[in-house]
Structures are given as structure tokens and as C-alpha cells.
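Okay, so here's the structure we're looking at.
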Amino acid sequence: MKKNGQVAAGRRAGGVPTVSYRPTPGRPPGLEILDLAGLAARADERERPLTVPARPAFHLVVAMRSGRLECSVDFTAYSMGAGDWLWVWPGQVLRFPDGPGEGDATVLVFPTGFPDAATAALIQNGEHIPHRLITPGKARQTALLRLLDALAEEHADLSGLPLEAYVETLGNLLSVILIRLVHLADPRRQPPSGGNEPFRLFRQAVEEGFDRTHRVEDYAAQLGYSPRTLTRATRAVLGCGAKRYIDNRVLLEAKRLLIHTSLPPAAISARIGFAYPTVFSAFFRQHTGMTPTGFRSLTKR
């Protein structure tokens, strides 16, 4: 794994395109299971080759069975081998610089609302896990692959159960795999007690509004909570305050646009909610120790 790898080439003049979730015609929405060739074919259908950076609006889990696969997620390049699992979250910038390659992998594609509310809450809590690449030990890998094979078998047997039972079966099997991956990625992480509804709503509001406001007070007024409640709720889940969470989200978007597009810093400043480019530059320097232009130059080849 290496930082800032293979992402500078082919910067786009506009923003990074979003790829929406689209189920296979004739199948119920919720889960798609593909191989790497199938993933590439889907991308080509939308005229978004795997070699071009894009933001999937869905979860994508890649389980490598053999061979190698090169990919980058946001600012990190991964060289995946047999036994590796990679979990890409909705909104992250994904690119396969060499296309699908020659490896053998199973790819799970599913929207945030699938499989069920309880699992969705758990994996949203796991969104902040420190590592996206997971390499289970031999025993756990064997168990995960058995589950994956069972999931693929059920997925292929569309007529074997009534539709409702079919979808529920897929959801239950996927839930077990996702729960295992969350805890393998960060064994110390505990599920939030009581569900932490204030943080869930705050997180969603920030995702929808960070390009307009960076003030905790604005989100508190929107959601009907006090700023102190949002800070306590955010600290309970992430260990940082609400303002730090907002700043981190804004900084992440700034880095994505600086690395994956050719937009000038002034245009990026406006896109992420700064009234003046000078304020954006000061914010970026405060959090990274460098100017936006200096950060972008690190990825030039």
C-alpha cells in the first residue's frame, strides 16, 4: 500500500462523476454479485471506464481469490492479492488504474439501505474505521469465503424462494459478512450505545450541507438539538467534537477535488462552502501545513 499512488493522471476539468446504483434489469434491487470482468462491463456501459476516477453511490466490497488487482481509494493506492478484502464506501473516489486486470475476485455491490436498518447502523458506525483493506487470518478467511460462496449460490437461484424470502436470505448472509469485516478492520470498535440518533442525523446533515455551512450552530438549529448535544454525540462515536467532524469532512472533499480534478483552488473553495479563496487557503494550511496548490503538486508525476 502506498500513499498518493497513481491518481494524478487524467484529472477532470469538472468534479468527480458520481456513479448511481442501478440493479440488473429483471432482478430485485439490493445486491449485485459480479466478477472483475462484469464490473468492468458495467462501467463501460455507463461510459465510465474503471481507469477513470468516479464516486460510487453504493458500497462495493472486493474479495480477491487469486492474482493481483491495483486500485486507489481517495488518496491511497492498494495492490490487492489473494485473501485481501477491500471495502469502498459510498462517495469515496475509486479508480482501477490498470482496469480489471487478470485477477479472480468476487465483487459485492449494494446500496446503503441494504440489507437492513440494524446492519446499516453498524456499518455506518464502521465508516470511520482506519483501514479499508482487510486481510483476514487463514481460519477467518476460510469462513468468510464459505459465507461468500453461500451468498453467491443463493443470489444465483432467483426462482428458488418466494421473492420476499429470497431478498431476506441475501440480506442475512450479507449482514454476517459485513459484521465480520467491520470487526476485522477495527476489533476495538464498539457499536454505539442506544444507536446515537443525534450523531446519525448530524452526520447526514453534514453530508448534505457541508458545501453551504461549516457551523455546528447551523446544524443544531436544523436538527433541533443544542450544539453541545451534537458535540457529545460525535465524541461518543468518533472521539472528536462536532466542529472537528465538519472540518474533517470539508478537508476530505477539498483533497479529493485537488487530487482528482483540475479545478482551480478558487473554484474548489466555492464548491465546499468558503466565501473567499483566501479563507479556504488559510483553512487548508491550518489543517495540513501546506497550501492547496502545494498539496496538489505532491501528486504530479
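Order determines the names: the first chain of the C-alpha cells is A, the second B, and so forth; residues in each chain are numbered 1 upward, and ligands are numbered 1 upward as they are shown.
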Residue neighbourhood Asp149 in chain A, 10 Å, only C-alpha atoms, exclusion window fewer than 6 positions, as a PyMOL selection string: chain A and resi 106+143+155
Go ahead and save the picked residues with C-alpha atoms, as a PDB file, in the first residue's frame.
ATOM      1  CA  THR A 106     -15.907 -11.554  -6.242  1.00  0.00           C
ATOM      2  CA  ALA A 143     -15.066 -18.979   6.991  1.00  0.00           C
ATOM      3  CA  HIS A 155     -28.024 -14.945  -5.355  1.00  0.00           C
TER       4      HIS A 155
END
Polymer residues at most 12 Å from Gly137 in chain A, only C-alpha atoms, same-chain spacing of 2 or more positions, as a ChimeraX atom specification: /A:82-85,134-135,139-145,181,184-185
Write the selection just made, keeping all heavy atoms, as a tab-separated table (two decimals), in the first residue's frame?
chain	number	residue	atom	x	y	z
A	82	ALA	N	-4.34	-12.36	-3.24
A	82	ALA	CA	-5.25	-13.39	-2.75
A	82	ALA	C	-5.44	-13.26	-1.25
A	82	ALA	O	-4.48	-13.12	-0.49
A	82	ALA	CB	-4.70	-14.77	-3.10
A	83	GLY	N	-6.69	-13.29	-0.81
A	83	GLY	CA	-7.00	-13.20	0.61
A	83	GLY	C	-7.34	-11.81	1.08
A	83	GLY	O	-7.77	-11.63	2.23
A	84	ASP	N	-7.15	-10.79	0.23
A	84	ASP	CA	-7.46	-9.41	0.61
A	84	ASP	C	-8.92	-9.08	0.32
A	84	ASP	O	-9.49	-9.53	-0.68
A	84	ASP	CB	-6.58	-8.43	-0.16
A	84	ASP	CG	-5.13	-8.44	0.31
A	84	ASP	OD1	-4.88	-8.86	1.46
A	84	ASP	OD2	-4.25	-8.03	-0.47
A	85	TRP	N	-9.49	-8.27	1.21
A	85	TRP	CA	-10.84	-7.73	1.02
A	85	TRP	C	-10.73	-6.21	1.06
A	85	TRP	O	-10.05	-5.67	1.93
A	85	TRP	CB	-11.78	-8.19	2.15
A	85	TRP	CG	-12.05	-9.66	2.18
A	85	TRP	CD1	-11.15	-10.65	2.44
A	85	TRP	CD2	-13.31	-10.30	1.99
A	85	TRP	NE1	-11.77	-11.88	2.41
A	85	TRP	CE2	-13.11	-11.69	2.14
A	85	TRP	CE3	-14.60	-9.85	1.71
A	85	TRP	CZ2	-14.14	-12.62	2.02
A	85	TRP	CZ3	-15.63	-10.76	1.59
A	85	TRP	CH2	-15.40	-12.13	1.74
A	134	ILE	N	-8.57	-5.20	4.18
A	134	ILE	CA	-8.65	-6.16	5.28
A	134	ILE	C	-8.09	-7.49	4.79
A	134	ILE	O	-8.49	-7.99	3.74
A	134	ILE	CB	-10.12	-6.34	5.72
A	134	ILE	CG1	-10.74	-4.98	6.09
A	134	ILE	CG2	-10.24	-7.33	6.87
A	134	ILE	CD1	-12.25	-4.98	6.08
A	135	THR	N	-7.15	-8.05	5.57
A	135	THR	CA	-6.57	-9.35	5.23
A	135	THR	C	-6.81	-10.29	6.41
A	135	THR	O	-6.06	-10.29	7.38
A	135	THR	CB	-5.06	-9.23	4.94
A	135	THR	OG1	-4.85	-8.24	3.93
A	135	THR	CG2	-4.50	-10.56	4.47
A	139	ALA	N	-7.97	-18.93	9.16
A	139	ALA	CA	-9.22	-19.54	9.60
A	139	ALA	C	-10.41	-18.64	9.29
A	139	ALA	O	-11.45	-19.09	8.79
A	139	ALA	CB	-9.16	-19.84	11.10
A	140	ARG	N	-10.27	-17.35	9.56
A	140	ARG	CA	-11.37	-16.42	9.31
A	140	ARG	C	-11.60	-16.26	7.81
A	140	ARG	O	-12.74	-16.14	7.35
A	140	ARG	CB	-11.07	-15.07	9.95
A	140	ARG	CG	-12.18	-14.05	9.81
A	140	ARG	CD	-13.51	-14.56	10.29
A	140	ARG	NE	-13.48	-14.98	11.68
A	140	ARG	CZ	-14.36	-15.78	12.25
A	140	ARG	NH1	-15.34	-16.30	11.51
A	140	ARG	NH2	-14.27	-16.09	13.52
A	141	GLN	N	-10.53	-16.27	7.02
A	141	GLN	CA	-10.68	-16.16	5.57
A	141	GLN	C	-11.46	-17.35	5.02
A	141	GLN	O	-12.34	-17.20	4.17
A	141	GLN	CB	-9.30	-16.09	4.91
A	141	GLN	CG	-9.30	-16.19	3.40
A	141	GLN	CD	-9.79	-14.92	2.72
A	141	GLN	OE1	-10.32	-14.03	3.35
A	141	GLN	NE2	-9.63	-14.85	1.42
A	142	THR	N	-11.15	-18.55	5.51
A	142	THR	CA	-11.87	-19.73	5.07
A	142	THR	C	-13.36	-19.61	5.39
A	142	THR	O	-14.22	-19.92	4.55
A	142	THR	CB	-11.29	-20.99	5.74
A	142	THR	OG1	-9.91	-21.12	5.36
A	142	THR	CG2	-12.05	-22.24	5.32
A	143	ALA	N	-13.67	-19.14	6.59
A	143	ALA	CA	-15.07	-18.98	6.99
A	143	ALA	C	-15.76	-17.91	6.15
A	143	ALA	O	-16.91	-18.08	5.72
A	143	ALA	CB	-15.14	-18.62	8.48
A	144	LEU	N	-15.07	-16.80	5.88
A	144	LEU	CA	-15.66	-15.74	5.07
A	144	LEU	C	-15.93	-16.20	3.65
A	144	LEU	O	-16.97	-15.87	3.06
A	144	LEU	CB	-14.74	-14.52	5.06
A	144	LEU	CG	-14.84	-13.58	6.27
A	144	LEU	CD1	-13.70	-12.57	6.25
A	144	LEU	CD2	-16.18	-12.86	6.29
A	145	LEU	N	-15.01	-16.96	3.08
A	145	LEU	CA	-15.21	-17.45	1.72
A	145	LEU	C	-16.36	-18.45	1.65
A	145	LEU	O	-17.08	-18.49	0.64
A	145	LEU	CB	-13.93	-18.06	1.17
A	145	LEU	CG	-12.81	-17.06	0.84
A	145	LEU	CD1	-11.57	-17.79	0.34
A	145	LEU	CD2	-13.28	-16.04	-0.20
A	181	LEU	N	-16.41	-8.12	8.70
A	181	LEU	CA	-15.42	-7.21	8.12
A	181	LEU	C	-15.23	-5.96	8.98
A	181	LEU	O	-14.09	-5.48	9.16
A	181	LEU	CB	-15.84	-6.81	6.71
A	181	LEU	CG	-15.77	-7.92	5.66
A	181	LEU	CD1	-16.28	-7.40	4.32
A	181	LEU	CD2	-14.35	-8.46	5.50
A	184	LEU	N	-13.10	-7.08	11.89
A	184	LEU	CA	-11.74	-7.40	11.48
A	184	LEU	C	-10.95	-6.12	11.18
A	184	LEU	O	-9.75	-6.05	11.45
A	184	LEU	CB	-11.76	-8.29	10.23
A	184	LEU	CG	-12.11	-9.76	10.46
A	184	LEU	CD1	-12.39	-10.45	9.12
A	184	LEU	CD2	-10.98	-10.49	11.20
A	185	ALA	N	-11.63	-5.12	10.63
A	185	ALA	CA	-10.96	-3.87	10.30
A	185	ALA	C	-10.57	-3.10	11.56
A	185	ALA	O	-9.52	-2.45	11.60
A	185	ALA	CB	-11.86	-3.00	9.42
Strand (DSSP E or B) positions in range 103-258 of chain A, given as a list of chain:residue names: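 Of range 103-258 of chain A, only A:Asp104, A:Ala105, A:Thr106, A:Val107, A:Leu108, A:Val109, A:Phe110, A:Leu133, A:Ile134 fall in strand (DSSP E or B).
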Which of range 1-106 of chain A fall in helix (DSSP H, G or I), as JSON, numbers by chain: {"A": [36, 37, 38, 39, 40, 41, 42, 43, 44, 45]}
Output for the residues just chosen: C-alpha atoms as a PDB file, in the first residue's frame:
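Once everything was written out, this is result-v3.pdb:
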ATOM      1  CA  LEU A  36     -13.990  -8.187 -12.231  1.00  0.00           C
ATOM      2  CA  ALA A  37     -14.895  -8.576 -15.900  1.00  0.00           C
ATOM      3  CA  GLY A  38     -18.544  -7.979 -15.049  1.00  0.00           C
ATOM      4  CA  LEU A  39     -17.644  -4.874 -13.046  1.00  0.00           C
ATOM      5  CA  ALA A  40     -15.648  -3.538 -15.993  1.00  0.00           C
ATOM      6  CA  ALA A  41     -18.524  -4.260 -18.383  1.00  0.00           C
ATOM      7  CA  ARG A  42     -20.939  -2.358 -16.130  1.00  0.00           C
ATOM      8  CA  ALA A  43     -18.546   0.596 -16.051  1.00  0.00           C
ATOM      9  CA  ASP A  44     -18.182   0.586 -19.830  1.00  0.00           C
ATOM     10  CA  GLU A  45     -21.959   0.554 -20.256  1.00  0.00           C
TER      11      GLU A  45
END
Counting only C-alpha atoms, give me one row per residue of range 32-102 of chain A with an atom at most 8 Å from an atom of range 251-274 of chain A, showing the shortest contact pair and its distance in Å to one decimal, sorted by chain then residue number, as a tab-separated table.
residue	atom	partner	partner_atom	distance
A:Pro53	CA	A:His260	CA	7.0
A:Asp74	CA	A:Arg256	CA	6.5
A:Phe75	CA	A:Arg256	CA	7.7
A:Val93	CA	A:Arg256	CA	7.3
For Tyr219 in chain A, find every residue with an atom within 9 Å (counting only C-alpha atoms), except residues of its own chain fewer than 3 positions away, and show them as an mmCIF file with C-alpha atoms, in the first residue's frame.
data_model
loop_
_atom_site.group_PDB
_atom_site.id
_atom_site.type_symbol
_atom_site.label_atom_id
_atom_site.label_comp_id
_atom_site.auth_asym_id
_atom_site.auth_seq_id
_atom_site.Cartn_x
_atom_site.Cartn_y
_atom_site.Cartn_z
ATOM 1 C CA PHE A 202 -25.847 15.159 12.269
ATOM 2 C CA ALA A 205 -26.952 16.763 7.630
ATOM 3 C CA VAL A 206 -23.241 17.479 7.272
ATOM 4 C CA GLY A 209 -24.833 20.638 3.732
ATOM 5 C CA THR A 213 -22.186 25.888 6.113
ATOM 6 C CA HIS A 214 -19.371 24.779 8.405
ATOM 7 C CA ARG A 215 -21.027 25.943 11.654
ATOM 8 C CA VAL A 216 -22.149 23.490 14.339
ATOM 9 C CA GLN A 222 -31.675 22.495 11.628
ATOM 10 C CA LEU A 223 -31.935 19.292 13.668
ATOM 11 C CA GLY A 224 -33.461 20.725 16.847
ATOM 12 C CA TYR A 225 -30.509 19.875 19.093
ATOM 13 C CA PRO A 227 -24.524 22.412 19.754
ATOM 14 C CA LEU A 230 -24.130 17.304 18.805
#
Between CA of Pro25 in chain A and CA of Leu170 in chain A, distance in Å (one decimal):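 Spanning CA of Pro25 in chain A to CA of Leu170 in chain A is a straight-line distance of 17.7 Å.
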Phe199 in chain A environment, 6 Å, only C-alpha atoms, sequence neighbours closer than 4 positions dropped, as number ranges by chain: A: 203, 233-234
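Taking CA of Leu201 in chain A and CA of Tyr21 in chain A as the two end points, the separation is 22.6 Å.
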Interatomic distance, CA of Asp211 in chain A to CA of Gly294 in chain A (Å, one decimal): 22.5 Å
